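Chemist: This is final.cif (mmCIF, C-alpha atoms).
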```cif
data_final
#
loop_
_atom_site.label_atom_id
_atom_site.label_comp_id
_atom_site.auth_asym_id
_atom_site.auth_seq_id
_atom_site.Cartn_x
_atom_site.Cartn_y
_atom_site.Cartn_z
CA MET A 1 77.26 87.27 119.86
CA PRO A 2 80.79 88.43 120.51
CA SER A 3 82.33 84.95 120.70
CA ARG A 4 81.07 83.98 117.28
CA ARG A 5 82.26 87.26 115.84
CA SER A 6 85.80 86.87 117.13
CA TRP A 7 85.87 83.28 115.91
CA THR A 8 85.00 84.28 112.32
CA ASP A 9 87.49 87.16 112.60
CA GLN A 10 90.21 84.67 113.49
CA LYS A 11 89.20 82.34 110.66
CA LEU A 12 89.22 85.24 108.20
CA GLU A 13 92.61 86.40 109.40
CA ASN A 14 94.08 82.91 109.01
CA ILE A 15 92.93 82.74 105.40
CA LEU A 16 94.29 86.24 104.76
CA GLY A 17 97.63 85.46 106.40
CA ASN A 18 98.13 82.43 104.17
CA LEU A 19 97.06 84.45 101.13
CA LEU A 20 99.72 87.03 101.91
CA ARG A 21 102.43 84.41 102.32
CA ALA A 22 101.46 82.69 99.04
CA GLY A 23 101.52 86.05 97.25
CA VAL A 24 104.97 86.89 98.56
CA LEU A 25 106.44 83.49 97.67
CA LEU A 26 104.93 83.59 94.16
CA SER A 27 106.27 87.10 93.65
CA ALA A 28 109.75 86.10 94.88
CA LEU A 29 109.72 83.19 92.43
CA VAL A 30 108.75 85.40 89.46
CA VAL A 31 111.33 88.04 90.47
CA SER A 32 114.04 85.33 90.69
CA ILE A 33 113.20 83.97 87.22
CA GLY A 34 113.30 87.47 85.75
CA GLY A 35 116.50 88.18 87.68
CA VAL A 36 118.28 85.14 86.23
CA ILE A 37 117.30 86.14 82.66
CA TYR A 38 118.32 89.75 83.32
CA LEU A 39 121.71 88.81 84.80
CA LEU A 40 122.47 86.28 82.04
CA ARG A 41 121.79 88.90 79.37
CA HIS A 42 123.10 92.08 80.98
CA GLY A 43 125.18 90.87 83.94
CA ARG A 44 128.51 91.98 82.49
CA SER A 45 127.47 95.54 81.67
CA PRO A 46 128.49 98.33 84.06
CA ILE A 47 125.86 99.60 86.53
CA ASP A 48 124.04 102.87 86.17
CA PHE A 49 121.82 103.75 89.12
CA ARG A 50 123.60 106.91 90.16
CA VAL A 51 121.69 109.32 87.99
CA PHE A 52 117.94 109.38 88.18
CA ARG A 53 116.29 109.07 84.77
CA GLY A 54 113.05 107.37 85.67
CA GLU A 55 112.04 104.04 84.20
CA PRO A 56 110.96 103.75 80.53
CA ALA A 57 107.21 103.92 79.99
CA ASP A 58 106.84 100.15 79.45
CA LEU A 59 108.02 99.40 83.02
CA ARG A 60 105.58 101.83 84.61
CA ASP A 61 102.15 100.34 83.98
CA VAL A 62 100.39 96.99 83.89
CA HIS A 63 100.06 96.82 80.07
CA GLY A 64 103.71 97.57 79.37
CA ILE A 65 104.89 95.14 82.05
CA ILE A 66 102.76 92.31 80.63
CA ARG A 67 103.98 93.07 77.10
CA ASP A 68 107.62 92.90 78.27
CA THR A 69 106.92 89.68 80.16
CA VAL A 70 105.43 87.99 77.11
CA ALA A 71 108.55 89.04 75.19
CA LEU A 72 110.57 87.27 77.97
CA GLN A 73 112.45 90.44 78.89
CA GLY A 74 114.22 89.97 82.23
CA ARG A 75 113.38 93.44 83.55
CA GLY A 76 109.75 93.03 82.49
CA ILE A 77 109.42 89.71 84.35
CA ILE A 78 111.00 91.18 87.50
CA GLN A 79 108.56 94.08 87.29
CA LEU A 80 105.66 91.61 86.95
CA GLY A 81 106.84 89.91 90.15
CA LEU A 82 106.97 93.28 91.92
CA LEU A 83 103.48 94.08 90.64
CA LEU A 84 102.28 90.77 92.16
CA LEU A 85 103.93 91.77 95.43
CA ILE A 86 102.22 95.16 95.48
CA ALA A 87 98.93 93.46 94.59
CA THR A 88 99.17 91.04 97.55
CA PRO A 89 98.10 93.47 100.32
CA VAL A 90 95.53 94.91 97.90
CA ALA A 91 94.07 91.39 97.54
CA ARG A 92 93.96 91.08 101.33
CA VAL A 93 91.91 94.26 101.55
CA ALA A 94 89.60 93.04 98.76
CA PHE A 95 89.01 89.73 100.60
CA SER A 96 88.30 91.58 103.84
CA ILE A 97 85.39 93.34 102.12
CA PHE A 98 83.70 89.95 101.63
CA GLY A 99 84.67 88.84 105.12
CA PHE A 100 82.99 91.85 106.74
CA ALA A 101 79.99 91.51 104.41
CA GLU A 102 79.55 87.92 105.57
CA GLU A 103 79.53 89.15 109.16
CA ARG A 104 77.00 91.83 108.07
CA ASP A 105 79.27 94.51 109.49
CA TRP A 106 78.36 97.22 106.98
CA MET A 107 80.33 99.95 108.70
CA TYR A 108 83.52 97.93 108.16
CA VAL A 109 82.51 97.00 104.62
CA LEU A 110 82.46 100.76 104.00
CA PHE A 111 85.84 101.35 105.73
CA THR A 112 87.44 98.51 103.78
CA LEU A 113 85.96 99.79 100.50
CA SER A 114 87.55 103.19 101.24
CA VAL A 115 91.00 101.62 101.75
CA PHE A 116 90.51 99.53 98.61
CA SER A 117 89.60 102.61 96.51
CA ILE A 118 92.65 104.51 97.77
CA LEU A 119 94.88 101.56 96.80
CA LEU A 120 93.29 101.27 93.34
CA TYR A 121 93.65 105.00 92.80
CA SER A 122 97.34 104.75 93.66
CA LEU A 123 97.98 101.74 91.42
CA LEU A 124 95.96 102.84 88.40
CA GLY A 125 95.34 106.54 88.58
CA ALA A 126 97.99 108.55 90.36
CA ALA A 127 101.01 109.48 88.31
CA MET B 1 131.44 97.43 88.83
CA THR B 2 129.36 95.10 86.67
CA ILE B 3 125.66 94.39 87.21
CA VAL B 4 126.35 90.85 88.55
CA GLU B 5 128.87 92.12 91.15
CA PHE B 6 126.57 94.94 92.15
CA SER B 7 123.54 92.62 92.45
CA LEU B 8 125.45 90.14 94.66
CA LEU B 9 126.80 92.88 96.96
CA VAL B 10 123.39 94.56 97.27
CA CYS B 11 121.66 91.21 97.85
CA GLY B 12 124.15 90.30 100.60
CA SER B 13 123.84 93.64 102.43
CA SER B 14 120.04 93.57 102.09
CA LEU B 15 120.02 90.08 103.60
CA ILE B 16 121.96 91.35 106.63
CA ALA B 17 119.65 94.38 106.91
CA GLY B 18 116.58 92.13 106.80
CA LEU B 19 118.07 89.65 109.29
CA VAL B 20 119.10 92.28 111.85
CA GLY B 21 115.82 94.13 111.30
CA ALA B 22 113.84 90.98 112.11
CA LEU B 23 116.03 90.02 115.09
CA THR B 24 115.82 93.46 116.70
CA GLY B 25 112.20 94.05 115.73
CA LEU B 26 113.19 97.42 114.30
CA GLY B 27 112.63 96.43 110.68
CA GLY B 28 115.28 96.48 107.99
CA GLY B 29 113.64 99.20 105.89
CA VAL B 30 115.03 102.02 107.95
CA VAL B 31 118.66 101.17 107.07
CA LEU B 32 118.07 100.17 103.42
CA VAL B 33 117.77 103.66 101.94
CA PRO B 34 120.91 105.01 103.70
CA LEU B 35 122.77 101.81 102.76
CA LEU B 36 121.87 102.12 99.07
CA SER B 37 122.27 105.87 98.74
CA LEU B 38 125.38 106.34 100.92
CA PHE B 39 127.42 103.21 100.15
CA PHE B 40 126.19 102.11 96.74
CA LYS B 41 125.67 105.70 95.54
CA VAL B 42 122.21 104.85 94.19
CA ASP B 43 119.96 107.84 93.52
CA ILE B 44 117.82 108.24 96.65
CA ARG B 45 114.54 108.04 94.69
CA TYR B 46 115.48 104.60 93.31
CA ALA B 47 116.58 103.59 96.81
CA ILE B 48 113.23 104.65 98.29
CA GLY B 49 111.33 102.73 95.61
CA ALA B 50 113.37 99.58 96.31
CA SER B 51 112.90 99.94 100.06
CA LEU B 52 109.11 100.37 99.77
CA VAL B 53 108.79 97.14 97.80
CA SER B 54 110.94 95.27 100.34
CA VAL B 55 108.80 96.59 103.17
CA ILE B 56 105.73 95.02 101.52
CA ALA B 57 107.61 91.72 101.17
CA THR B 58 108.66 91.51 104.83
CA SER B 59 105.30 92.65 106.18
CA SER B 60 103.29 90.21 104.06
CA GLY B 61 105.80 87.39 104.58
CA ALA B 62 105.60 87.68 108.37
CA ALA B 63 101.81 88.12 108.47
CA ALA B 64 100.93 84.41 108.35
CA ALA B 65 103.04 83.73 111.45
CA TYR B 66 101.60 86.69 113.38
CA VAL B 67 98.02 85.85 112.49
CA LYS B 68 98.20 82.38 114.07
CA GLU B 69 99.00 83.93 117.45
CA GLY B 70 95.62 85.66 117.40
CA PHE B 71 96.83 89.04 118.65
CA SER B 72 96.21 91.27 115.65
CA ASN B 73 92.95 93.20 115.55
CA ILE B 74 91.63 93.35 112.00
CA ARG B 75 89.10 96.12 112.78
CA ILE B 76 91.65 98.44 114.37
CA GLY B 77 93.96 97.70 111.43
CA MET B 78 91.39 98.41 108.74
CA PHE B 79 90.03 101.56 110.40
CA LEU B 80 93.52 103.01 110.79
CA GLU B 81 94.58 101.95 107.30
CA ILE B 82 92.24 104.64 105.95
CA ALA B 83 94.55 107.13 107.66
CA THR B 84 97.85 105.46 106.72
CA THR B 85 96.97 104.96 103.03
CA LEU B 86 95.76 108.57 102.67
CA GLY B 87 98.99 109.70 104.36
CA ALA B 88 101.02 107.41 102.09
CA LEU B 89 99.47 109.02 98.98
CA LEU B 90 100.37 112.45 100.33
CA GLY B 91 103.93 111.33 101.13
CA ALA B 92 104.44 109.76 97.70
CA HIS B 93 103.23 112.96 96.00
CA LEU B 94 105.49 115.08 98.21
CA ALA B 95 108.48 112.88 97.31
CA ALA B 96 108.21 114.01 93.68
CA ARG B 97 107.92 117.68 94.59
CA ILE B 98 110.64 118.28 97.16
CA SER B 99 114.39 118.12 96.51
CA THR B 100 116.49 115.03 97.26
CA HIS B 101 118.47 117.14 99.78
CA ALA B 102 115.29 117.75 101.74
CA ILE B 103 114.33 114.06 101.59
CA ALA B 104 117.78 113.02 102.87
CA THR B 105 117.56 115.57 105.71
CA VAL B 106 114.10 114.43 106.80
CA PHE B 107 115.39 110.86 106.61
CA GLY B 108 118.26 111.70 108.94
CA VAL B 109 115.88 113.19 111.51
CA VAL B 110 113.54 110.17 111.33
CA LEU B 111 116.53 107.83 111.80
CA LEU B 112 117.51 109.69 114.99
CA PHE B 113 113.95 109.28 116.30
CA SER B 114 113.94 105.55 115.51
CA ALA B 115 117.24 105.11 117.36
CA TYR B 116 115.77 106.98 120.34
CA PHE B 117 112.57 104.94 120.43
CA SER B 118 114.45 101.66 120.02
CA ARG B 119 116.20 102.40 123.34
CA LYS B 120 112.96 102.93 125.25
CA PRO B 121 111.83 100.00 127.38
CA ARG B 122 109.05 98.13 125.66
CA SER B 123 107.26 96.26 128.44
CA GLN B 124 104.00 97.85 129.38
CA PRO B 125 102.36 97.34 132.75
CA ASP B 126 98.87 95.90 132.70
CA ARG B 127 96.54 98.80 132.39
CA GLU B 128 92.80 98.90 132.68
CA VAL B 129 91.20 101.74 130.75
CA PRO B 130 87.48 102.50 130.66
CA PRO B 131 85.61 102.06 127.36
CA ASP B 132 85.60 105.14 125.13
CA PRO B 133 82.28 105.95 123.39
CA LEU B 134 83.80 106.55 119.94
CA ALA B 135 85.95 103.40 120.08
CA THR B 136 82.90 101.41 121.18
CA ARG B 137 80.82 102.77 118.30
CA LEU B 138 83.61 101.84 115.89
CA ARG B 139 83.80 98.34 117.48
CA LEU B 140 87.56 98.70 118.04
CA ASN B 141 87.68 97.08 121.49
CA GLY B 142 88.87 93.49 121.34
CA SER B 143 90.42 90.57 123.15
CA PHE B 144 93.50 88.40 122.85
CA PRO B 145 94.51 84.95 124.13
CA ASP B 146 96.03 84.96 127.61
CA ALA B 147 97.29 82.39 130.10
CA ASP B 148 93.79 82.25 131.62
CA GLY B 149 91.62 82.42 128.50
CA ALA B 150 90.83 85.60 126.62
CA ARG B 151 91.72 89.08 127.92
CA THR B 152 89.64 92.00 126.72
CA TYR B 153 90.92 95.53 126.20
CA ASN B 154 89.45 98.95 125.49
CA VAL B 155 90.73 101.48 122.97
CA GLN B 156 91.15 105.19 123.78
CA HIS B 157 91.86 108.50 122.00
CA VAL B 158 90.74 107.44 118.52
CA PRO B 159 91.19 110.86 116.79
CA THR B 160 94.76 111.28 118.13
CA GLY B 161 95.69 107.78 117.03
CA TRP B 162 94.16 108.40 113.60
CA ALA B 163 96.15 111.63 113.18
CA VAL B 164 99.46 110.01 114.18
CA MET B 165 98.69 107.17 111.76
CA PHE B 166 98.18 109.70 108.96
CA GLY B 167 101.64 111.09 109.77
CA ALA B 168 103.14 107.59 109.84
CA GLY B 169 101.64 106.91 106.40
CA ALA B 170 103.03 110.18 105.01
CA LEU B 171 106.54 109.36 106.29
CA SER B 172 106.27 105.87 104.82
CA GLY B 173 105.32 107.27 101.40
CA LEU B 174 107.96 109.99 101.51
CA LEU B 175 110.90 107.90 102.76
CA GLY B 176 110.06 104.35 101.68
CA ILE B 177 110.11 102.99 105.23
CA GLY B 178 107.48 100.90 107.04
CA SER B 179 107.33 103.45 109.90
CA GLY B 180 106.34 100.56 112.16
CA ALA B 181 107.73 102.29 115.26
CA MET B 182 105.43 105.28 114.74
CA LYS B 183 102.44 103.02 114.11
CA VAL B 184 103.13 101.14 117.34
CA LEU B 185 103.53 104.49 119.11
CA ALA B 186 100.09 105.59 117.89
CA MET B 187 98.40 102.39 119.04
CA ASP B 188 100.35 101.57 122.20
CA GLN B 189 100.92 105.07 123.61
CA ALA B 190 98.04 107.14 122.22
CA MET B 191 95.24 104.61 121.87
CA LYS B 192 96.29 102.47 124.88
CA ILE B 193 96.10 99.25 122.88
CA PRO B 194 98.12 96.37 124.47
CA PHE B 195 101.69 96.28 123.16
CA LYS B 196 101.50 92.82 121.59
CA VAL B 197 98.26 93.73 119.77
CA SER B 198 99.85 97.00 118.61
CA THR B 199 102.97 95.38 117.13
CA THR B 200 101.17 92.57 115.28
CA THR B 201 98.42 94.88 113.97
CA SER B 202 101.12 97.35 112.90
CA ASN B 203 102.87 94.62 110.89
CA PHE B 204 99.62 93.92 109.07
CA MET B 205 99.14 97.61 108.29
CA ILE B 206 102.69 98.21 107.02
CA GLY B 207 102.18 96.21 103.82
CA VAL B 208 98.91 97.94 102.90
CA THR B 209 100.40 101.37 103.65
CA ALA B 210 103.50 100.67 101.55
CA ALA B 211 101.34 99.32 98.70
CA ALA B 212 99.48 102.64 98.57
CA SER B 213 102.67 104.60 97.89
CA ALA B 214 104.39 101.84 95.86
CA GLY B 215 101.68 102.23 93.19
CA VAL B 216 102.52 105.91 92.84
CA TYR B 217 106.27 105.14 92.73
CA LEU B 218 105.74 102.51 90.03
CA ASN B 219 103.67 104.86 87.88
CA ARG B 220 106.36 107.52 88.21
CA GLY B 221 109.20 105.21 87.16
CA TYR B 222 110.89 105.12 90.59
CA ILE B 223 110.85 101.30 90.76
CA ASP B 224 113.90 99.98 88.92
CA PRO B 225 113.69 96.19 88.41
CA GLY B 226 117.47 95.76 88.22
CA LEU B 227 117.91 97.39 91.64
CA VAL B 228 114.77 96.13 93.40
CA MET B 229 115.42 92.48 92.46
CA PRO B 230 118.50 91.94 94.68
CA VAL B 231 117.16 94.23 97.44
CA MET B 232 113.76 92.56 97.71
CA LEU B 233 115.10 88.97 97.52
CA GLY B 234 117.85 89.76 100.05
CA VAL B 235 115.60 91.47 102.59
CA LEU B 236 112.94 88.77 102.29
CA ALA B 237 115.47 85.95 102.81
CA GLY B 238 117.02 87.81 105.75
CA SER B 239 113.73 88.51 107.51
CA LEU B 240 112.44 84.94 107.06
CA LEU B 241 115.75 83.65 108.47
CA GLY B 242 115.51 86.15 111.33
CA ALA B 243 112.00 85.01 112.24
CA ARG B 244 113.27 81.41 112.55
CA ILE B 245 116.22 82.12 114.86
CA LEU B 246 114.45 84.85 116.81
CA ILE B 247 114.19 82.89 120.04
CA LYS B 248 117.79 81.68 120.22
CA VAL B 249 119.59 85.02 120.16
CA HIS B 250 120.16 87.55 122.94
CA THR B 251 118.73 90.61 121.30
CA LYS B 252 119.85 93.16 123.90
CA TRP B 253 123.35 93.75 122.50
CA LEU B 254 122.13 93.37 118.96
CA ARG B 255 119.57 96.12 119.53
CA LEU B 256 122.20 98.38 121.08
CA GLY B 257 124.57 97.79 118.16
CA PHE B 258 121.83 98.32 115.61
CA SER B 259 120.75 101.61 117.21
CA LEU B 260 124.36 102.82 117.09
CA VAL B 261 124.48 101.99 113.38
CA ILE B 262 121.21 103.89 112.92
CA VAL B 263 122.65 106.96 114.69
CA LEU B 264 125.76 106.88 112.47
CA LEU B 265 123.63 106.57 109.34
CA ALA B 266 121.44 109.42 110.60
CA VAL B 267 124.45 111.73 110.99
CA GLU B 268 125.71 110.75 107.54
CA MET B 269 122.29 111.33 105.95
CA LEU B 270 121.92 114.72 107.66
CA TYR B 271 125.42 115.76 106.56
CA ASN B 272 124.84 114.67 102.97
CA GLY B 273 121.36 116.17 102.83
CA LEU B 274 122.30 119.52 104.36
CA SER B 275 125.47 119.89 102.29
CA GLY B 276 123.57 119.03 99.11
CA ARG B 277 125.53 115.87 98.30
CA ILE B 278 122.42 113.68 98.03
#
```
Just give me the structure of the file as structure tokens.
Modeler:
Amino acid sequence: MPSRRSWTDQKLENILGNLLRAGVLLSALVVSIGGVIYLLRHGRSPIDFRVFRGEPADLRDVHGIIRDTVALQGRGIIQLGLLLLIATPVARVAFSIFGFAEERDWMYVLFTLSVFSILLYSLLGAA
Amino acid sequence: MTIVEFSLLVCGSSLIAGLVGALTGLGGGVVLVPLLSLFFKVDIRYAIGASLVSVIATSSGAAAAYVKEGFSNIRIGMFLEIATTLGALLGAHLAARISTHAIATVFGVVLLFSAYFSRKPRSQPDREVPPDPLATRLRLNGSFPDADGARTYNVQHVPTGWAVMFGAGALSGLLGIGSGAMKVLAMDQAMKIPFKVSTTTSNFMIGVTAAASAGVYLNRGYIDPGLVMPVMLGVLAGSLLGARILIKVHTKWLRLGFSLVIVLLAVEMLYNGLSGRI
């Protein structure tokens, strides 16, 4: 039934498209809040991006970022917003797994699971 | 320069990059890294991290609009994302191992290619290609809305397309760009997918590809919140604005001007990379 398949594909894609937009807007909001706090506290200091030092450990992983956010640190909140942004396409892939499973397209469930594992490996494992 | 002044300047230039990128369809990511590293003297690894994050923002932000048109093919996208995300992991790992001079030089070469491809005519004649057994098995063939109902299309040369996509992913992870032009090239030229389907599917894939390398960059400490904040907000605002006024502007001269800027940035990146200044 090709017509039914393409119809559910379109429905799935509409949901996913809106999910992506919501994720981006939420992330932009969180980044802006963090940005205001950061600029109010540190705005008058001179910049220092010319030499690469790498970020401190607390801005590199989920636990540290959440800890900094709870402490209302501007940079931590910005980083949380960026984490949300990176998570948005990951969420789209995760939702697609269910979408393909509902269509009983197991080959594509497998493909989508592969993409999802690569993304999780990158976010959590690869340093 | 204080942080406030720097943030405002970076936000303004990122907005222009995002706006022109959306208007010309070339994407703003390709000029962000040269802009930050050449003019704002930001370390190129921070610049790449900031650009990657912005690429996710523009791709995801535009997705909802593209999806409604019904052109993107979710199966082609997902199947090829296996290649682009694997490539992106490779690129992100390479970025930590090779020198910044080498990264700047590769960037210059890629900029020259993007300028060249942006000058190529984009309209594709209607082509009828026979079904390919592998593409049929993978259920890649699809259809899109047309003036007289739905038009079906067949996909060709799956392994070639997959390989080019792996390369596009690696470049994206290494340089922090969306490499949308190379993704479209793989689908439109190699796999014979209709142009409109190629561009919208490519937009969908760019965000997932960039997310795969952004994770690695974040874990490595290449994502600086103070820098990414103005870049990401600026590019996002610019690209959303660009999508709204897209129809009203004559893009021909804008594209020509933008490709000239890209060539100049390419020369500058090559010079700085080869002479060891970046």
Chemist: Please build the interface table for segment 113-149 of chain B against segment 101-113 of chain A with a cut-off of 12 Å, listing for each qualifying residue the nearest atom pair and the distance in Å to one decimal; count all atoms listed in the file, order rows by chain and increasing number, and write it as CSV.
Modeler:
```
residue,atom,partner,partner_atom,distance
B:Arg137,CA,A:Met107,CA,10.0
B:Leu138,CA,A:Met107,CA,8.1
B:Arg139,CA,A:Tyr108,CA,9.3
B:Leu140,CA,A:Tyr108,CA,10.7
```
Chemist: Check what the PyMOL selection byres ((chain B) within 8 of (chain A)) selects in the file above and give those residues as an MDAnalysis selection string.
Modeler: chainID B and resid 1:4 6 41:43 45:46 53 56:57 60:65 67:68 70 74:75 78:79 81:82 85:86 89 207:208 211:216 218:227 229 233
Chemist: What is the distance between atom CA of Val231 of chain B and atom CA of Tyr116 of chain B, in Å to one decimal?
Modeler: 26.2 Å
Chemist: Could you list the residues chosen by the PyMOL selection byres ((chain B and resi 264) around 12) in this structure as JSON, numbers by chain?
Modeler: {"B": [31, 34, 35, 38, 108, 109, 111, 112, 115, 257, 258, 259, 260, 261, 262, 263, 265, 266, 267, 268, 269, 270, 271]}
Chemist: On this file, the PyMOL selection byres ((chain B and resi 141) around 9) gives some set of residues; write that set as a list of chain:residue names.
Modeler: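 So the PyMOL selection byres ((chain B and resi 141) around 9), applied here, picks out B:Asn73, B:Arg75, B:Ile76, B:Pro131, B:Ala135, B:Thr136, B:Leu138, B:Arg139, B:Leu140, B:Gly142, B:Ser143, B:Thr152, B:Tyr153, B:Asn154, B:Val155, B:Ile193.
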Chemist: Write out as a ChimeraX atom specification the residues lying within 12 Å of Lys183 of chain B, counting all atoms listed in the file and excluding same-chain residues fewer than 4 positions away.
Modeler: /B:76-77,80-81,83-84,114,160-172,177-179,187-191,193,195,197-206,209
Chemist: From the list B:Ser239, B:Gly276, B:Pro133, B:Ala88, which residue is nearest Gln156 of chain B when using all atoms listed in the file?
Modeler: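 For Gln156 of chain B, the nearest of the candidates is B:Pro133.
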Chemist: Could you state the separation of atom CA of Leu134 of chain B and atom CA of Ser117 of chain A in Å, given to one decimal place?
Modeler: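 Separation between atom CA of Leu134 of chain B and atom CA of Ser117 of chain A: 24.5 Å.
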